Amino acid sequence: MDSRPDSAAQAALAADVRRPVTFAYLDLKGEPIRVTDAPYSFTFSGTGDEDLDGFTFDAVDPRVVSVGPVKAKEGGTDTLTLQLSGLAGVDDELMTQIGDRSNWAGRDCRLWRAMLDPQNLTRIGAIWSYYTGYMSVPKITGDRTGQVINLSVESYLAFFGQASNRTYLDQQGYDPGDTSAALAIAIANGASKRT
């Protein structure tokens, strides 16, 4: 699968009245979510993508679930924000699921885009990969009238960014009795003799 629109989708993107629809896959532990802001649900086959083929992406109201803009920058993209709103209240079970880091943190989030014909709503051209990253723990904000769940997604490239320069060599700053860093450096320099 290509990571950019094919020629038919590019032509549709150039038209003034057409807008792409988004397909989102959130790899939640035990219960992956597949949704789209298209006007109806889609089932894919023959794309060659294991996260698409054979799965149905349920249509959701884009006023309830929204995907923030993907902004490119040097070294990757900015953090993407997914938002679920229109929630009257969040019960204890949902709060427990949201609060469990293993359900979200470090798990995949993938976004695709496709063009739909505005007349008969059929797909124009191929679906293309739009964004891929890792989810972090969501945050809930709001009041009695409504609540919003904000989920941040970091691109894969963010994990290959500049190192923090914190290594086991800093361990003595946390544990003054730990001499493993000095011993490792001594071994690396060929002073493996014990004194």
# chains A, B, ... in the order shown; residues from 1 in each chain; ligands from 1
>>> select_by_dssp(residues="range 54-152 of chain A", states="alpha helix (DSSP H)", output="list in words")
Asp92, Glu93, Leu94, Met95, Thr96, Gln97, Ile98, Gly99, Arg101, Ser102, Asn103 and Trp104 of chain A
>>> atom_distance(atom1="CA of Gly46 in chain A", atom2="CA of Met135 in chain A")
27.2 Å
>>> closest_residue(among="A:Arg123, A:Arg19, A:Arg110, A:Arg144", to="Ile33 in chain A", atoms="only C-alpha atoms")
A:Arg110
>>> closest_residue(among="A:Asp143, A:Asp178, A:Glu154, A:Asp37", to="Trp112 in chain A", atoms="only C-alpha atoms")
A:Asp37
>>> atom_distance(atom1="CA of Leu82 in chain A", atom2="CA of Ala105 in chain A")
14.0 Å
>>> atom_distance(atom1="CA of Leu26 in chain A", atom2="CA of Val65 in chain A")
12.7 Å
>>> select_by_dssp(residues="range 97-127 of chain A", states="strand (DSSP E)", output="ChimeraX atom specification")
/A:108-116,123-127
>>> write_last_selection(atoms="N, CA, C and O atoms", output="PDB file, in the first residue's frame")
ATOM      1  N   ASP A 108      -0.324   0.869  18.971  1.00  0.00           N
ATOM      2  CA  ASP A 108      -0.430   1.496  17.655  1.00  0.00           C
ATOM      3  C   ASP A 108      -1.698   2.311  17.451  1.00  0.00           C
ATOM      4  O   ASP A 108      -2.780   1.928  17.905  1.00  0.00           O
ATOM      5  N   CYS A 109      -1.536   3.397  16.730  1.00  0.00           N
ATOM      6  CA  CYS A 109      -2.641   4.175  16.183  1.00  0.00           C
ATOM      7  C   CYS A 109      -2.299   4.400  14.720  1.00  0.00           C
ATOM      8  O   CYS A 109      -1.191   4.835  14.402  1.00  0.00           O
ATOM      9  N   ARG A 110      -3.218   4.056  13.833  1.00  0.00           N
ATOM     10  CA  ARG A 110      -2.983   4.244  12.402  1.00  0.00           C
ATOM     11  C   ARG A 110      -4.152   5.001  11.798  1.00  0.00           C
ATOM     12  O   ARG A 110      -5.306   4.763  12.151  1.00  0.00           O
ATOM     13  N   LEU A 111      -3.838   5.895  10.877  1.00  0.00           N
ATOM     14  CA  LEU A 111      -4.855   6.657  10.161  1.00  0.00           C
ATOM     15  C   LEU A 111      -4.639   6.494   8.657  1.00  0.00           C
ATOM     16  O   LEU A 111      -3.505   6.487   8.191  1.00  0.00           O
ATOM     17  N   TRP A 112      -5.743   6.368   7.942  1.00  0.00           N
ATOM     18  CA  TRP A 112      -5.717   6.321   6.486  1.00  0.00           C
ATOM     19  C   TRP A 112      -6.702   7.365   5.975  1.00  0.00           C
ATOM     20  O   TRP A 112      -7.594   7.795   6.700  1.00  0.00           O
ATOM     21  N   ARG A 113      -6.549   7.715   4.710  1.00  0.00           N
ATOM     22  CA  ARG A 113      -7.486   8.619   4.057  1.00  0.00           C
ATOM     23  C   ARG A 113      -7.912   8.028   2.727  1.00  0.00           C
ATOM     24  O   ARG A 113      -7.191   7.247   2.108  1.00  0.00           O
ATOM     25  N   ALA A 114      -9.103   8.439   2.286  1.00  0.00           N
ATOM     26  CA  ALA A 114      -9.621   8.052   0.979  1.00  0.00           C
ATOM     27  C   ALA A 114     -10.543   9.164   0.499  1.00  0.00           C
ATOM     28  O   ALA A 114     -11.022   9.972   1.297  1.00  0.00           O
ATOM     29  N   MET A 115     -10.767   9.196  -0.791  1.00  0.00           N
ATOM     30  CA  MET A 115     -11.678  10.178  -1.380  1.00  0.00           C
ATOM     31  C   MET A 115     -13.003   9.501  -1.709  1.00  0.00           C
ATOM     32  O   MET A 115     -13.028   8.367  -2.164  1.00  0.00           O
ATOM     33  N   LEU A 116     -14.113  10.222  -1.456  1.00  0.00           N
ATOM     34  CA  LEU A 116     -15.439   9.726  -1.798  1.00  0.00           C
ATOM     35  C   LEU A 116     -16.060  10.637  -2.844  1.00  0.00           C
ATOM     36  O   LEU A 116     -15.907  11.855  -2.781  1.00  0.00           O
ATOM     37  N   ARG A 123     -15.943   5.185  -3.275  1.00  0.00           N
ATOM     38  CA  ARG A 123     -14.543   5.567  -3.110  1.00  0.00           C
ATOM     39  C   ARG A 123     -13.918   5.879  -4.456  1.00  0.00           C
ATOM     40  O   ARG A 123     -14.135   5.184  -5.442  1.00  0.00           O
ATOM     41  N   ILE A 124     -13.117   6.940  -4.495  1.00  0.00           N
ATOM     42  CA  ILE A 124     -12.377   7.316  -5.698  1.00  0.00           C
ATOM     43  C   ILE A 124     -10.919   6.969  -5.455  1.00  0.00           C
ATOM     44  O   ILE A 124     -10.290   7.481  -4.530  1.00  0.00           O
ATOM     45  N   GLY A 125     -10.362   6.105  -6.276  1.00  0.00           N
ATOM     46  CA  GLY A 125      -8.955   5.747  -6.128  1.00  0.00           C
ATOM     47  C   GLY A 125      -8.716   4.865  -4.915  1.00  0.00           C
ATOM     48  O   GLY A 125      -9.643   4.355  -4.282  1.00  0.00           O
ATOM     49  N   ALA A 126      -7.452   4.707  -4.583  1.00  0.00           N
ATOM     50  CA  ALA A 126      -7.048   3.819  -3.490  1.00  0.00           C
ATOM     51  C   ALA A 126      -7.013   4.571  -2.166  1.00  0.00           C
ATOM     52  O   ALA A 126      -6.882   5.789  -2.127  1.00  0.00           O
ATOM     53  N   ILE A 127      -7.128   3.817  -1.087  1.00  0.00           N
ATOM     54  CA  ILE A 127      -6.942   4.377   0.253  1.00  0.00           C
ATOM     55  C   ILE A 127      -5.437   4.527   0.466  1.00  0.00           C
ATOM     56  O   ILE A 127      -4.649   3.743  -0.051  1.00  0.00           O
TER      57      ILE A 127
END
>>> closest_residue(among="A:Val70, A:Leu28, A:Val64, A:Ile185", to="Arg107 in chain A", atoms="only C-alpha atoms")
A:Leu28
>>> closest_residue(among="A:Tyr25, A:Ser85, A:Asp100, A:Asp117", to="Gly146 in chain A", atoms="only C-alpha atoms")
A:Ser85
>>> closest_residue(among="A:Gly177, A:Gly106, A:Gly99, A:Pro118", to="Val21 in chain A", atoms="only C-alpha atoms")
A:Pro118
>>> decode(residues="range 66-143 of chain A", atoms="C-alpha atoms", output="PDB file, in the first residue's frame")
ATOM      1  CA  SER A  66     -12.286  14.255  15.811  1.00  0.00           C
ATOM      2  CA  VAL A  67      -8.731  13.889  14.588  1.00  0.00           C
ATOM      3  CA  GLY A  68      -6.439  16.878  14.940  1.00  0.00           C
ATOM      4  CA  PRO A  69      -4.259  18.116  12.111  1.00  0.00           C
ATOM      5  CA  VAL A  70      -1.077  16.272  11.217  1.00  0.00           C
ATOM      6  CA  LYS A  71       1.725  18.851  11.088  1.00  0.00           C
ATOM      7  CA  ALA A  72       5.112  17.924   9.664  1.00  0.00           C
ATOM      8  CA  LYS A  73       8.282  19.235  11.258  1.00  0.00           C
ATOM      9  CA  GLU A  74      11.970  18.423  11.164  1.00  0.00           C
ATOM     10  CA  GLY A  75      12.500  14.905  12.476  1.00  0.00           C
ATOM     11  CA  GLY A  76       8.890  13.755  12.014  1.00  0.00           C
ATOM     12  CA  THR A  77       5.530  15.228  12.941  1.00  0.00           C
ATOM     13  CA  ASP A  78       4.054  17.089  15.872  1.00  0.00           C
ATOM     14  CA  THR A  79       2.002  15.165  18.414  1.00  0.00           C
ATOM     15  CA  LEU A  80      -1.410  14.275  16.988  1.00  0.00           C
ATOM     16  CA  THR A  81      -4.491  14.675  19.189  1.00  0.00           C
ATOM     17  CA  LEU A  82      -7.590  12.505  18.914  1.00  0.00           C
ATOM     18  CA  GLN A  83     -10.675  13.770  20.738  1.00  0.00           C
ATOM     19  CA  LEU A  84     -13.838  12.007  21.861  1.00  0.00           C
ATOM     20  CA  SER A  85     -16.512  14.432  23.031  1.00  0.00           C
ATOM     21  CA  GLY A  86     -20.223  14.570  23.708  1.00  0.00           C
ATOM     22  CA  LEU A  87     -19.927  12.296  26.732  1.00  0.00           C
ATOM     23  CA  ALA A  88     -22.558  13.025  29.363  1.00  0.00           C
ATOM     24  CA  GLY A  89     -20.583  11.166  31.988  1.00  0.00           C
ATOM     25  CA  VAL A  90     -17.773   8.707  32.350  1.00  0.00           C
ATOM     26  CA  ASP A  91     -18.533   5.744  34.621  1.00  0.00           C
ATOM     27  CA  ASP A  92     -16.107   3.886  36.886  1.00  0.00           C
ATOM     28  CA  GLU A  93     -15.563   1.045  34.405  1.00  0.00           C
ATOM     29  CA  LEU A  94     -14.533   3.415  31.610  1.00  0.00           C
ATOM     30  CA  MET A  95     -12.350   5.423  33.999  1.00  0.00           C
ATOM     31  CA  THR A  96     -10.588   2.185  35.017  1.00  0.00           C
ATOM     32  CA  GLN A  97      -9.997   1.228  31.366  1.00  0.00           C
ATOM     33  CA  ILE A  98      -8.729   4.701  30.512  1.00  0.00           C
ATOM     34  CA  GLY A  99      -6.490   4.839  33.574  1.00  0.00           C
ATOM     35  CA  ASP A 100      -4.829   1.493  32.827  1.00  0.00           C
ATOM     36  CA  ARG A 101      -1.690   2.495  30.912  1.00  0.00           C
ATOM     37  CA  SER A 102      -1.284  -0.968  29.383  1.00  0.00           C
ATOM     38  CA  ASN A 103      -4.556  -0.523  27.452  1.00  0.00           C
ATOM     39  CA  TRP A 104      -3.217   2.519  25.554  1.00  0.00           C
ATOM     40  CA  ALA A 105       0.383   3.543  26.123  1.00  0.00           C
ATOM     41  CA  GLY A 106       2.807   2.509  23.409  1.00  0.00           C
ATOM     42  CA  ARG A 107       0.133   0.776  21.346  1.00  0.00           C
ATOM     43  CA  ASP A 108      -0.430   1.496  17.655  1.00  0.00           C
ATOM     44  CA  CYS A 109      -2.641   4.175  16.183  1.00  0.00           C
ATOM     45  CA  ARG A 110      -2.983   4.244  12.402  1.00  0.00           C
ATOM     46  CA  LEU A 111      -4.855   6.657  10.161  1.00  0.00           C
ATOM     47  CA  TRP A 112      -5.717   6.321   6.486  1.00  0.00           C
ATOM     48  CA  ARG A 113      -7.486   8.619   4.057  1.00  0.00           C
ATOM     49  CA  ALA A 114      -9.621   8.052   0.979  1.00  0.00           C
ATOM     50  CA  MET A 115     -11.678  10.178  -1.380  1.00  0.00           C
ATOM     51  CA  LEU A 116     -15.439   9.726  -1.798  1.00  0.00           C
ATOM     52  CA  ASP A 117     -17.526  10.809  -4.763  1.00  0.00           C
ATOM     53  CA  PRO A 118     -19.966  13.423  -3.378  1.00  0.00           C
ATOM     54  CA  GLN A 119     -22.786  12.176  -5.642  1.00  0.00           C
ATOM     55  CA  ASN A 120     -22.917   8.451  -4.923  1.00  0.00           C
ATOM     56  CA  LEU A 121     -20.376   8.310  -2.036  1.00  0.00           C
ATOM     57  CA  THR A 122     -18.274   5.600  -3.696  1.00  0.00           C
ATOM     58  CA  ARG A 123     -14.543   5.567  -3.110  1.00  0.00           C
ATOM     59  CA  ILE A 124     -12.377   7.316  -5.698  1.00  0.00           C
ATOM     60  CA  GLY A 125      -8.955   5.747  -6.128  1.00  0.00           C
ATOM     61  CA  ALA A 126      -7.048   3.819  -3.490  1.00  0.00           C
ATOM     62  CA  ILE A 127      -6.942   4.377   0.253  1.00  0.00           C
ATOM     63  CA  TRP A 128      -3.588   5.753   1.444  1.00  0.00           C
ATOM     64  CA  SER A 129      -1.711   5.664   4.730  1.00  0.00           C
ATOM     65  CA  TYR A 130      -1.921   9.044   6.459  1.00  0.00           C
ATOM     66  CA  TYR A 131      -0.332   8.714   9.910  1.00  0.00           C
ATOM     67  CA  THR A 132       1.097   6.008  12.151  1.00  0.00           C
ATOM     68  CA  GLY A 133       2.232   6.376  15.735  1.00  0.00           C
ATOM     69  CA  TYR A 134       2.085   5.250  19.352  1.00  0.00           C
ATOM     70  CA  MET A 135      -0.705   6.244  21.746  1.00  0.00           C
ATOM     71  CA  SER A 136      -0.115   7.724  25.179  1.00  0.00           C
ATOM     72  CA  VAL A 137      -2.483   7.685  28.155  1.00  0.00           C
ATOM     73  CA  PRO A 138      -5.602   9.785  27.459  1.00  0.00           C
ATOM     74  CA  LYS A 139      -6.731  12.738  29.558  1.00  0.00           C
ATOM     75  CA  ILE A 140     -10.324  13.528  30.517  1.00  0.00           C
ATOM     76  CA  THR A 141     -11.408  17.149  30.785  1.00  0.00           C
ATOM     77  CA  GLY A 142     -14.813  18.773  31.213  1.00  0.00           C
ATOM     78  CA  ASP A 143     -17.553  19.441  33.727  1.00  0.00           C
TER      79      ASP A 143
END
